[in-house]
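Dropping structure.cif in here (mmCIF, C-alpha atoms and all ligand atoms):
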```
data_final
loop_
_atom_site.label_atom_id
_atom_site.label_comp_id
_atom_site.auth_asym_id
_atom_site.auth_seq_id
_atom_site.Cartn_x
_atom_site.Cartn_y
_atom_site.Cartn_z
CA MET A 58 -23.14 24.51 -6.13
CA ALA A 59 -23.33 24.22 -9.90
CA ASN A 60 -24.69 27.10 -11.91
CA ASP A 61 -28.05 26.51 -13.64
CA VAL A 62 -27.01 28.45 -16.70
CA ASP A 63 -23.82 26.49 -17.21
CA THR A 64 -25.16 22.93 -17.15
CA VAL A 65 -27.22 23.53 -20.29
CA SER A 66 -26.58 25.80 -23.24
CA TYR A 67 -28.38 26.58 -26.45
CA ASP A 68 -28.35 28.78 -29.49
CA VAL A 69 -30.84 29.23 -32.31
CA ARG A 70 -29.69 29.35 -35.93
CA ASP A 71 -31.80 29.32 -39.09
CA GLY A 72 -34.89 27.90 -37.39
CA ILE A 73 -32.99 25.19 -35.47
CA ALA A 74 -32.49 25.30 -31.69
CA TRP A 75 -29.25 23.52 -30.75
CA LEU A 76 -29.73 22.52 -27.12
CA ARG A 77 -26.72 21.01 -25.37
CA PHE A 78 -26.01 19.01 -22.26
CA ASN A 79 -23.17 21.16 -20.97
CA ARG A 80 -21.24 19.38 -18.23
CA PRO A 81 -18.47 17.92 -20.37
CA ASP A 82 -16.15 17.45 -17.37
CA LYS A 83 -18.78 15.15 -15.86
CA ARG A 84 -19.63 13.55 -19.20
CA ASN A 85 -22.91 15.48 -19.15
CA ALA A 86 -24.30 13.37 -16.32
CA MET A 87 -27.79 14.55 -15.41
CA SER A 88 -27.72 16.23 -12.01
CA PRO A 89 -30.82 17.83 -10.44
CA THR A 90 -29.33 21.20 -11.41
CA LEU A 91 -29.04 20.13 -15.04
CA ASN A 92 -32.55 18.67 -15.01
CA ARG A 93 -34.00 21.95 -13.78
CA ALA A 94 -31.99 23.89 -16.35
CA MET A 95 -33.24 21.62 -19.15
CA MET A 96 -36.86 22.22 -18.18
CA GLU A 97 -36.22 25.96 -18.19
CA ALA A 98 -34.53 25.80 -21.58
CA LEU A 99 -37.43 23.80 -23.07
CA ASP A 100 -39.81 26.38 -21.63
CA GLU A 101 -37.88 29.19 -23.27
CA LEU A 102 -37.58 27.48 -26.65
CA GLU A 103 -40.87 25.65 -27.19
CA PHE A 104 -43.06 28.42 -28.56
CA ARG A 105 -40.41 30.76 -29.97
CA GLU A 106 -41.37 31.72 -33.50
CA ASP A 107 -37.79 31.42 -34.71
CA VAL A 108 -37.59 27.77 -33.55
CA GLY A 109 -38.97 25.14 -35.93
CA VAL A 110 -36.87 22.12 -34.87
CA LEU A 111 -34.98 21.29 -31.69
CA VAL A 112 -31.74 19.28 -31.70
CA LEU A 113 -30.48 17.85 -28.40
CA THR A 114 -26.75 17.17 -28.29
CA GLY A 115 -23.84 17.18 -25.85
CA GLU A 116 -20.68 19.17 -25.27
CA GLY A 117 -17.45 17.22 -25.29
CA SER A 118 -17.10 13.45 -25.53
CA ALA A 119 -20.54 12.58 -24.14
CA TRP A 120 -24.15 12.93 -25.15
CA THR A 121 -25.00 12.09 -21.56
CA ALA A 122 -23.50 9.52 -19.18
CA GLY A 123 -26.98 9.15 -17.63
CA MET A 124 -28.03 10.10 -14.14
CA ASP A 125 -25.41 11.70 -11.93
CA LEU A 126 -24.55 8.98 -9.43
CA LYS A 127 -23.39 11.50 -6.85
CA GLU A 128 -25.83 14.41 -7.16
CA TYR A 129 -28.93 12.61 -8.50
CA PHE A 130 -28.69 9.38 -6.50
CA ARG A 131 -26.48 9.76 -3.43
CA GLU A 132 -27.24 13.37 -2.52
CA SER A 133 -30.99 13.12 -3.25
CA GLU A 134 -31.23 9.96 -1.16
CA ALA A 135 -29.53 11.77 1.70
CA ASP A 136 -32.61 14.02 1.75
CA GLY A 137 -34.92 11.03 2.21
CA LEU A 138 -37.98 10.13 0.16
CA LYS A 139 -38.76 13.80 -0.37
CA GLY A 140 -35.39 14.33 -2.05
CA VAL A 141 -35.66 11.18 -4.16
CA ARG A 142 -39.15 11.98 -5.41
CA ARG A 143 -38.21 15.57 -6.18
CA ALA A 144 -35.19 14.49 -8.24
CA GLN A 145 -37.34 11.96 -10.10
CA ARG A 146 -40.05 14.54 -10.82
CA GLU A 147 -37.50 16.97 -12.21
CA SER A 148 -35.82 14.51 -14.56
CA TYR A 149 -38.92 12.63 -15.71
CA GLY A 150 -40.62 16.00 -16.03
CA TRP A 151 -38.36 17.42 -18.72
CA TRP A 152 -38.24 14.13 -20.60
CA ARG A 153 -42.04 14.08 -20.68
CA ARG A 154 -42.04 17.69 -21.81
CA LEU A 155 -39.61 16.73 -24.56
CA ARG A 156 -41.68 13.71 -25.63
CA TRP A 157 -44.65 15.95 -26.33
CA PHE A 158 -42.68 19.01 -27.44
CA GLN A 159 -44.49 21.30 -29.84
CA LYS A 160 -41.70 21.21 -32.42
CA PRO A 161 -40.00 18.18 -33.99
CA THR A 162 -37.00 17.02 -31.96
CA ILE A 163 -33.80 15.23 -32.96
CA ALA A 164 -31.28 13.55 -30.65
CA MET A 165 -27.79 14.09 -32.07
CA VAL A 166 -25.81 11.52 -30.10
CA ASN A 167 -22.19 12.60 -30.30
CA GLY A 168 -20.70 10.25 -27.67
CA TRP A 169 -21.53 8.33 -24.47
CA CYS A 170 -25.23 7.58 -23.92
CA PHE A 171 -25.96 5.56 -20.80
CA GLY A 172 -28.79 4.56 -18.52
CA GLY A 173 -31.01 7.53 -17.75
CA GLY A 174 -29.90 8.99 -21.08
CA TYR A 175 -32.36 6.62 -22.73
CA GLY A 176 -35.16 8.85 -21.36
CA PRO A 177 -34.30 11.92 -23.45
CA LEU A 178 -33.13 9.65 -26.29
CA PHE A 179 -36.62 8.17 -26.60
CA ALA A 180 -38.21 11.54 -25.95
CA CYS A 181 -36.68 12.88 -29.17
CA ASP A 182 -38.71 12.07 -32.27
CA LEU A 183 -35.68 11.15 -34.35
CA ALA A 184 -32.15 10.15 -33.36
CA PHE A 185 -28.84 10.21 -35.21
CA ALA A 186 -25.63 8.88 -33.71
CA ALA A 187 -21.93 9.04 -34.35
CA ASP A 188 -20.37 5.70 -35.21
CA GLU A 189 -17.98 6.49 -32.38
CA SER A 190 -20.76 6.87 -29.78
CA LYS A 191 -21.50 4.22 -27.17
CA PHE A 192 -24.91 3.18 -25.86
CA GLY A 193 -25.45 1.12 -22.75
CA LEU A 194 -27.86 0.18 -19.99
CA SER A 195 -25.05 0.30 -17.46
CA GLU A 196 -27.29 0.18 -14.38
CA ILE A 197 -26.72 -3.54 -13.84
CA ASN A 198 -22.98 -2.81 -13.62
CA TRP A 199 -23.44 -0.70 -10.52
CA GLY A 200 -26.20 -2.74 -8.99
CA ILE A 201 -29.63 -1.39 -9.94
CA LEU A 202 -32.28 -2.09 -12.56
CA PRO A 203 -32.59 0.28 -15.53
CA GLY A 204 -35.14 2.69 -14.06
CA GLY A 205 -36.34 6.12 -15.02
CA GLY A 206 -38.04 4.64 -18.06
CA ALA A 207 -34.85 3.09 -19.46
CA THR A 208 -36.23 -0.47 -19.41
CA LYS A 209 -39.39 0.76 -21.11
CA VAL A 210 -37.33 2.48 -23.80
CA ALA A 211 -35.37 -0.72 -24.44
CA VAL A 212 -38.58 -2.72 -24.77
CA GLU A 213 -40.22 -0.08 -26.98
CA LEU A 214 -37.28 0.14 -29.37
CA LEU A 215 -35.68 -3.32 -29.33
CA PRO A 216 -36.86 -6.87 -29.96
CA PHE A 217 -37.37 -8.85 -26.71
CA ARG A 218 -34.13 -10.85 -26.78
CA LYS A 219 -31.99 -7.81 -27.57
CA ALA A 220 -33.71 -5.75 -24.85
CA MET A 221 -33.16 -8.52 -22.31
CA TYR A 222 -29.50 -8.99 -23.25
CA HIS A 223 -28.85 -5.25 -23.32
CA ALA A 224 -30.42 -4.75 -19.86
CA MET A 225 -28.91 -7.85 -18.20
CA LEU A 226 -25.36 -7.71 -19.55
CA GLY A 227 -24.71 -3.96 -19.42
CA GLU A 228 -22.40 -4.17 -22.43
CA PRO A 229 -22.13 -0.96 -24.45
CA VAL A 230 -22.75 -1.01 -28.21
CA ASP A 231 -21.48 1.49 -30.77
CA GLY A 232 -23.56 3.85 -32.91
CA LYS A 233 -23.64 1.48 -35.89
CA THR A 234 -25.07 -1.32 -33.76
CA ALA A 235 -27.52 1.12 -32.15
CA ALA A 236 -28.77 1.97 -35.65
CA GLU A 237 -29.03 -1.69 -36.69
CA TRP A 238 -31.02 -2.40 -33.53
CA GLY A 239 -33.33 0.59 -33.96
CA LEU A 240 -32.17 2.68 -30.98
CA VAL A 241 -31.41 5.45 -33.48
CA ASN A 242 -32.38 6.16 -37.08
CA GLU A 243 -28.88 6.30 -38.50
CA SER A 244 -25.25 6.25 -37.49
CA LEU A 245 -22.47 7.99 -39.34
CA PRO A 246 -18.95 9.26 -38.67
CA LEU A 247 -18.85 11.98 -36.02
CA ALA A 248 -17.34 14.40 -38.54
CA GLU A 249 -20.50 14.06 -40.71
CA LEU A 250 -23.09 13.97 -37.94
CA GLU A 251 -23.97 17.65 -37.64
CA ALA A 252 -24.28 18.11 -41.41
CA ARG A 253 -26.69 15.17 -41.69
CA VAL A 254 -28.78 16.35 -38.73
CA THR A 255 -28.90 19.85 -40.22
CA GLU A 256 -30.08 18.38 -43.52
CA VAL A 257 -32.89 16.45 -41.83
CA ALA A 258 -33.86 19.48 -39.71
CA LYS A 259 -34.09 21.63 -42.83
CA LYS A 260 -36.42 19.11 -44.46
CA LEU A 261 -38.63 19.23 -41.37
CA LEU A 262 -38.65 23.03 -41.49
CA GLU A 263 -40.26 22.82 -44.94
CA LYS A 264 -43.27 20.88 -43.65
CA ASN A 265 -46.50 22.22 -42.23
CA PRO A 266 -45.77 22.62 -38.46
CA VAL A 267 -49.33 21.86 -37.32
CA ALA A 268 -49.33 18.64 -39.33
CA LEU A 269 -45.90 17.72 -37.92
CA LYS A 270 -47.05 18.05 -34.30
CA ALA A 271 -50.21 16.06 -35.06
CA THR A 272 -48.14 13.39 -36.81
CA LYS A 273 -45.48 12.96 -34.11
CA ASP A 274 -48.14 12.74 -31.39
CA ALA A 275 -50.11 10.23 -33.46
CA VAL A 276 -47.09 7.96 -33.88
CA ARG A 277 -46.53 7.97 -30.12
CA ARG A 278 -50.21 7.54 -29.23
CA VAL A 279 -51.56 4.86 -31.57
CA GLY A 280 -49.18 2.09 -30.48
CA VAL A 281 -51.29 1.11 -27.48
CA MET A 282 -54.65 1.57 -29.23
CA THR A 283 -56.79 -0.99 -31.03
CA TYR A 284 -57.17 -0.40 -34.77
CA ASP A 285 -60.65 1.08 -34.32
CA GLU A 286 -59.47 3.39 -31.53
CA ALA A 287 -56.54 4.54 -33.64
CA GLU A 288 -58.78 5.14 -36.64
CA ASP A 289 -61.05 7.29 -34.52
CA TYR A 290 -58.17 9.11 -32.79
CA LEU A 291 -56.60 10.00 -36.14
CA VAL A 292 -59.87 11.40 -37.51
CA ARG A 293 -60.28 13.57 -34.43
CA ALA A 294 -56.62 14.61 -34.29
CA GLN A 295 -56.81 15.85 -37.90
CA GLU A 296 -60.07 17.68 -37.23
CA ALA A 297 -58.50 19.33 -34.17
CA ALA A 298 -55.43 20.27 -36.24
CA ASN A 299 -57.72 21.92 -38.78
CA SER A 300 -58.75 24.47 -36.17
CA TYR A 301 -55.11 25.62 -35.85
CA ASP A 302 -54.43 25.50 -39.56
CA ALA A 303 -57.54 26.17 -41.60
CA THR A 304 -55.90 26.55 -45.01
CA GLY A 305 -52.76 24.35 -45.01
CA ARG A 306 -54.11 21.13 -46.50
CA LYS A 307 -56.35 23.02 -48.92
CA GLU A 308 -53.36 24.95 -50.17
CA GLY A 309 -51.41 21.69 -50.45
CA ILE A 310 -54.17 20.25 -52.64
CA ARG A 311 -54.44 23.47 -54.68
CA GLN A 312 -50.73 23.66 -55.48
CA PHE A 313 -50.77 20.06 -56.71
CA ILE A 314 -54.14 19.78 -58.48
CA ASP A 315 -54.63 23.31 -59.85
CA GLU A 316 -51.16 24.82 -60.01
CA LYS A 317 -49.15 21.62 -60.61
CA SER A 318 -46.20 23.30 -58.88
CA TYR A 319 -45.05 20.25 -56.85
CA LYS A 320 -45.75 16.57 -56.32
CA PRO A 321 -46.72 15.50 -52.77
CA GLY A 322 -45.15 12.10 -53.38
CA LEU A 323 -41.79 13.77 -53.83
CA GLY A 324 -41.73 16.78 -51.50
CA ALA A 325 -43.67 19.40 -49.53
CA TYR A 326 -45.93 22.17 -50.85
CA ASP A 327 -44.78 25.77 -50.47
CA LYS A 328 -46.29 26.68 -47.10
CA SER A 329 -45.15 30.29 -47.36
CA ARG A 330 -48.05 30.81 -49.79
CA SER A 331 -50.79 29.54 -47.43
N1 LIG B 1 -22.49 10.32 -12.55
C1 LIG B 1 -21.63 11.11 -11.88
N2 LIG B 1 -20.41 11.43 -12.34
C2 LIG B 1 -20.08 10.95 -13.55
C3 LIG B 1 -20.94 10.16 -14.31
C4 LIG B 1 -22.20 9.82 -13.76
N3 LIG B 1 -23.10 9.10 -14.42
N4 LIG B 1 -20.32 9.82 -15.46
C5 LIG B 1 -19.11 10.43 -15.41
N5 LIG B 1 -18.97 11.10 -14.27
C6 LIG B 1 -17.82 11.89 -13.80
C7 LIG B 1 -16.70 11.03 -13.25
O1 LIG B 1 -16.92 10.71 -11.90
C8 LIG B 1 -15.52 11.93 -13.45
O2 LIG B 1 -15.52 12.91 -12.43
P1 LIG B 1 -14.12 13.47 -11.80
O3 LIG B 1 -13.40 14.10 -12.98
O4 LIG B 1 -14.57 14.45 -10.79
O5 LIG B 1 -13.40 12.29 -11.27
C9 LIG B 1 -15.83 12.63 -14.76
O6 LIG B 1 -17.24 12.54 -14.92
C10 LIG B 1 -15.19 12.01 -15.96
O7 LIG B 1 -15.52 10.63 -15.97
P2 LIG B 1 -14.50 9.49 -16.41
O8 LIG B 1 -15.07 8.20 -15.94
O9 LIG B 1 -13.13 9.82 -15.96
O10 LIG B 1 -14.61 9.66 -18.02
P3 LIG B 1 -14.29 8.60 -19.16
O11 LIG B 1 -14.39 9.37 -20.43
O12 LIG B 1 -13.04 7.85 -18.87
O13 LIG B 1 -15.50 7.52 -19.09
C11 LIG B 1 -17.84 6.92 -19.02
C12 LIG B 1 -16.78 7.92 -19.51
C13 LIG B 1 -19.20 7.51 -19.43
C14 LIG B 1 -17.62 5.54 -19.67
C15 LIG B 1 -17.75 6.77 -17.46
O14 LIG B 1 -17.66 8.07 -16.86
C16 LIG B 1 -18.94 6.04 -16.85
O15 LIG B 1 -18.99 4.82 -16.88
N6 LIG B 1 -19.91 6.81 -16.28
C17 LIG B 1 -21.08 6.25 -15.65
C18 LIG B 1 -22.08 5.77 -16.70
C19 LIG B 1 -23.32 5.20 -16.06
O16 LIG B 1 -23.34 4.12 -15.53
N7 LIG B 1 -24.42 5.93 -16.15
C20 LIG B 1 -25.69 5.42 -15.78
C21 LIG B 1 -26.28 6.22 -14.74
S1 LIG B 1 -28.03 5.83 -14.67
#
```

Represent the supplied structure as structure tokens.
Amino acid sequence: MANDVDTVSYDVRDGIAWLRFNRPDKRNAMSPTLNRAMMEALDELEFREDVGVLVLTGEGSAWTAGMDLKEYFRESEADGLKGVRRAQRESYGWWRRLRWFQKPTIAMVNGWCFGGGYGPLFACDLAFAADESKFGLSEINWGILPGGGATKVAVELLPFRKAMYHAMLGEPVDGKTAAEWGLVNESLPLAELEARVTEVAKKLLEKNPVALKATKDAVRRVGVMTYDEAEDYLVRAQEAANSYDATGRKEGIRQFIDEKSYKPGLGAYDKSRS
């Protein structure tokens, strides 16, 4: 029986939580044990005051090789519908938690990213990949459809023809192609990946955290709304944010208009003085 603590690891440095899939021998395949450990880790990290950004990455040569074919599929199925539904709840559960995480999240894709891995990939707000990484909807290669949200992720992120080809052919693409297609924001050599992700995380740490949460939720929410619904949602989301952050925007205006100490078009106001 795998150890809950070992399948996931994290440390927090300078405001950034580095959360890792930690089953390198199994290419970080997501077993029920790992899925439970991820939910626990997210629970522990989400509201910590020393965490401003969360980065999800993998130990070893994989980000994640997707669902564990033995422990997630075969062994759960052996327990009947009850086992299958439980395993689904646990995996979908932490991806959902990650999609709506309080802090900004970044997928740092260091290697293999297959199938079920598209769930946490999409759950992260931003994604950066190594050129050397490989992305694939490999389900068709072992005889199932891309479930667990993977088909939805492909359709959300890719144009129709690319999504269809990607899902039907099961051919992996490298990080550069993933970036061209829009699966990730950028791809760069593995040796430069962590530095670039750290740079982006630091920029996020400078922003108003209440505004960041409102913004990331808004980007995810408005896609399925009509223009009028989105307009209304955004008004109300900002007014709700104001109750958690009464002074932030006023201070942002003050530092620009009265103090002339920064330019909003070029960078963030100094939130330490709110
Ligand atoms: N489920 C269960 N075990 C997995 C796994 C998965 N998704 N992916 C890798 N592993 C295991 C292998 O069985 C092997 O275990 P063993 O050492 O006990 O034999 C170990 O991880 C190493 O895998 P291996 O295939 O030897 O590594 P590799 O570096 O040569 O290849 C991959 C890496 C990712 C290309 C290959 O492991 C693979 O195709 N995995 C399945 C990917 C997939 O289809 N995922 C979708 C699931 S929804």

Nearest residue to ligand LIG 1 (chain B) out of A:Glu196, A:Glu147, A:Glu132, A:Glu288, using all atoms listed in the file?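 Among the listed residues, the smallest separation from ligand LIG 1 (chain B) belongs to A:Glu196.
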
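Taking atom CA of A:Val267 and atom CA of A:Ser331 as endpoints, the distance between them is 12.8 Å.
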
Per residue of chain A within 9 Å of ligand LIG 1 (chain B), which atom pair is closest and at what distance in Å (one decimal), using all atoms listed in the file, listed by chain and increasing number, as JSON lines?
```
{"residue": "A:Arg80", "atom": "CA", "partner": "B:LIG1", "partner_atom": "O6", "distance": 8.6}
{"residue": "A:Pro81", "atom": "CA", "partner": "B:LIG1", "partner_atom": "O6", "distance": 7.8}
{"residue": "A:Asp82", "atom": "CA", "partner": "B:LIG1", "partner_atom": "C9", "distance": 5.5}
{"residue": "A:Lys83", "atom": "CA", "partner": "B:LIG1", "partner_atom": "O6", "distance": 3.2}
{"residue": "A:Arg84", "atom": "CA", "partner": "B:LIG1", "partner_atom": "C5", "distance": 4.9}
{"residue": "A:Asn85", "atom": "CA", "partner": "B:LIG1", "partner_atom": "N4", "distance": 7.2}
{"residue": "A:Ala86", "atom": "CA", "partner": "B:LIG1", "partner_atom": "N3", "distance": 4.8}
{"residue": "A:Met87", "atom": "CA", "partner": "B:LIG1", "partner_atom": "N3", "distance": 7.3}
{"residue": "A:Ser88", "atom": "CA", "partner": "B:LIG1", "partner_atom": "N1", "distance": 7.9}
{"residue": "A:Ser118", "atom": "CA", "partner": "B:LIG1", "partner_atom": "O11", "distance": 7.1}
{"residue": "A:Ala119", "atom": "CA", "partner": "B:LIG1", "partner_atom": "C13", "distance": 7.0}
{"residue": "A:Thr121", "atom": "CA", "partner": "B:LIG1", "partner_atom": "C13", "distance": 7.7}
{"residue": "A:Ala122", "atom": "CA", "partner": "B:LIG1", "partner_atom": "C18", "distance": 4.7}
{"residue": "A:Gly123", "atom": "CA", "partner": "B:LIG1", "partner_atom": "C21", "distance": 4.2}
{"residue": "A:Met124", "atom": "CA", "partner": "B:LIG1", "partner_atom": "C21", "distance": 4.3}
{"residue": "A:Asp125", "atom": "CA", "partner": "B:LIG1", "partner_atom": "N1", "distance": 3.3}
{"residue": "A:Leu126", "atom": "CA", "partner": "B:LIG1", "partner_atom": "N1", "distance": 4.0}
{"residue": "A:Lys127", "atom": "CA", "partner": "B:LIG1", "partner_atom": "C1", "distance": 5.3}
{"residue": "A:Glu128", "atom": "CA", "partner": "B:LIG1", "partner_atom": "C1", "distance": 7.1}
{"residue": "A:Tyr129", "atom": "CA", "partner": "B:LIG1", "partner_atom": "N1", "distance": 7.9}
{"residue": "A:Phe130", "atom": "CA", "partner": "B:LIG1", "partner_atom": "N1", "distance": 8.7}
{"residue": "A:Gly168", "atom": "CA", "partner": "B:LIG1", "partner_atom": "C13", "distance": 8.8}
{"residue": "A:Trp169", "atom": "CA", "partner": "B:LIG1", "partner_atom": "C13", "distance": 5.6}
{"residue": "A:Cys170", "atom": "CA", "partner": "B:LIG1", "partner_atom": "C13", "distance": 7.5}
{"residue": "A:Phe171", "atom": "CA", "partner": "B:LIG1", "partner_atom": "N7", "distance": 4.9}
{"residue": "A:Gly172", "atom": "CA", "partner": "B:LIG1", "partner_atom": "S1", "distance": 4.1}
{"residue": "A:Gly173", "atom": "CA", "partner": "B:LIG1", "partner_atom": "S1", "distance": 4.6}
{"residue": "A:Gly174", "atom": "CA", "partner": "B:LIG1", "partner_atom": "S1", "distance": 7.4}
{"residue": "A:Lys191", "atom": "CA", "partner": "B:LIG1", "partner_atom": "C14", "distance": 8.5}
{"residue": "A:Gly193", "atom": "CA", "partner": "B:LIG1", "partner_atom": "O16", "distance": 8.1}
{"residue": "A:Leu194", "atom": "CA", "partner": "B:LIG1", "partner_atom": "C20", "distance": 7.1}
{"residue": "A:Ser195", "atom": "CA", "partner": "B:LIG1", "partner_atom": "O16", "distance": 4.6}
{"residue": "A:Glu196", "atom": "CA", "partner": "B:LIG1", "partner_atom": "C20", "distance": 5.7}
{"residue": "A:Ile197", "atom": "CA", "partner": "B:LIG1", "partner_atom": "O16", "distance": 8.5}
{"residue": "A:Asn198", "atom": "CA", "partner": "B:LIG1", "partner_atom": "O16", "distance": 7.2}
{"residue": "A:Trp199", "atom": "CA", "partner": "B:LIG1", "partner_atom": "O16", "distance": 7.0}
{"residue": "A:Ile201", "atom": "CA", "partner": "B:LIG1", "partner_atom": "S1", "distance": 8.8}
{"residue": "A:Pro203", "atom": "CA", "partner": "B:LIG1", "partner_atom": "S1", "distance": 7.2}
{"residue": "A:Gly204", "atom": "CA", "partner": "B:LIG1", "partner_atom": "S1", "distance": 7.8}
{"residue": "A:Gly205", "atom": "CA", "partner": "B:LIG1", "partner_atom": "S1", "distance": 8.3}
{"residue": "A:Ala207", "atom": "CA", "partner": "B:LIG1", "partner_atom": "S1", "distance": 8.8}
```

Might you pull out every residue within 10 Å of stretch 241-247 of chain A, with only C-alpha atoms counted and same-chain residues fewer than 5 positions away left off, and present them as a PyMOL selection string? chain A and resi 164-168+178-179+182-190+214+231-236+252-253

Kindly compute an axis-aligned box around the listed atoms of stretch 195-199 of chain A, allowing 6 Å on each side, and express its centre and edge lengths in Å to one decimal as AutoDock Vina command-line options.
```
--center_x -25.1 --center_y -1.6 --center_z -14.0 --size_x 16.3 --size_y 15.8 --size_z 18.9
```

Do a neighbour search on A:Ala294 at 9 Å with all atoms listed in the file, toss out local chain neighbours closer than 6 positions, and write the hits as a PyMOL selection string. chain A and resi 271-272+275

Go ahead and dump the residues you just picked, C-alpha atoms, as a PDB file, keeping the file's coordinate frame.
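The result, written out as again32.pdb:
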```
ATOM      1  CA  ALA A 271     -50.210  16.060 -35.060  1.00  0.00           C
ATOM      2  CA  THR A 272     -48.140  13.390 -36.810  1.00  0.00           C
ATOM      3  CA  ALA A 275     -50.110  10.230 -33.460  1.00  0.00           C
TER       4      ALA A 275
END
```

Which distance in Å separates atom CA of A:Lys273 and atom CA of A:Tyr290, to one decimal?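 Going from atom CA of A:Lys273 over to atom CA of A:Tyr290, I get 13.3 Å.
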
Rank A:Val276, A:Ala287, A:Ala248, A:Val108 by their smallest atom-to-atom distance to A:Arg156, using only C-alpha atoms, and report the top residue only.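 Ranking A:Val276, A:Ala287, A:Ala248, A:Val108 by distance to A:Arg156, first place goes to A:Val276.
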
Pick from A:Val254, A:Ala303, A:Ala211, A:Ala297, whichever lies nearest to A:Ala74 using all atoms listed in the file: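 Distance minimum relative to A:Ala74 lands on A:Val254.
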
Closest of A:Gly206, A:Gly227, A:Gly176, A:Pro266 to A:Asn92, counting only C-alpha atoms, is A:Gly176

What is the atom CA of A:Gly137-atom CA of A:Thr90 distance in Å, reported with one decimal?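 Value for the atom CA of A:Gly137-atom CA of A:Thr90 distance: 17.9 Å.
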
Near A:Gly305, within 8 Å and counting only C-alpha atoms, which residues show up once chain neighbours fewer than 2 positions away are dropped, as number ranges by chain? A: 265, 302-303, 307-309, 328, 331

Would you export the selected residues with C-alpha atoms as a PDB file, keeping the file's coordinate frame, please?
```
ATOM      1  CA  ASN A 265     -46.500  22.220 -42.230  1.00  0.00           C
ATOM      2  CA  ASP A 302     -54.430  25.500 -39.560  1.00  0.00           C
ATOM      3  CA  ALA A 303     -57.540  26.170 -41.600  1.00  0.00           C
ATOM      4  CA  LYS A 307     -56.350  23.020 -48.920  1.00  0.00           C
ATOM      5  CA  GLU A 308     -53.360  24.950 -50.170  1.00  0.00           C
ATOM      6  CA  GLY A 309     -51.410  21.690 -50.450  1.00  0.00           C
ATOM      7  CA  LYS A 328     -46.290  26.680 -47.100  1.00  0.00           C
ATOM      8  CA  SER A 331     -50.790  29.540 -47.430  1.00  0.00           C
TER       9      SER A 331
END
```

Could you list, as a PyMOL selection string, every residue within 10 Å of stretch 95-105 of chain A, counting only C-alpha atoms and ignoring same-chain residues fewer than 6 positions away? chain A and resi 61-62+64-69+72+74+76-78+87+89+111+147-148+150-155+158-160
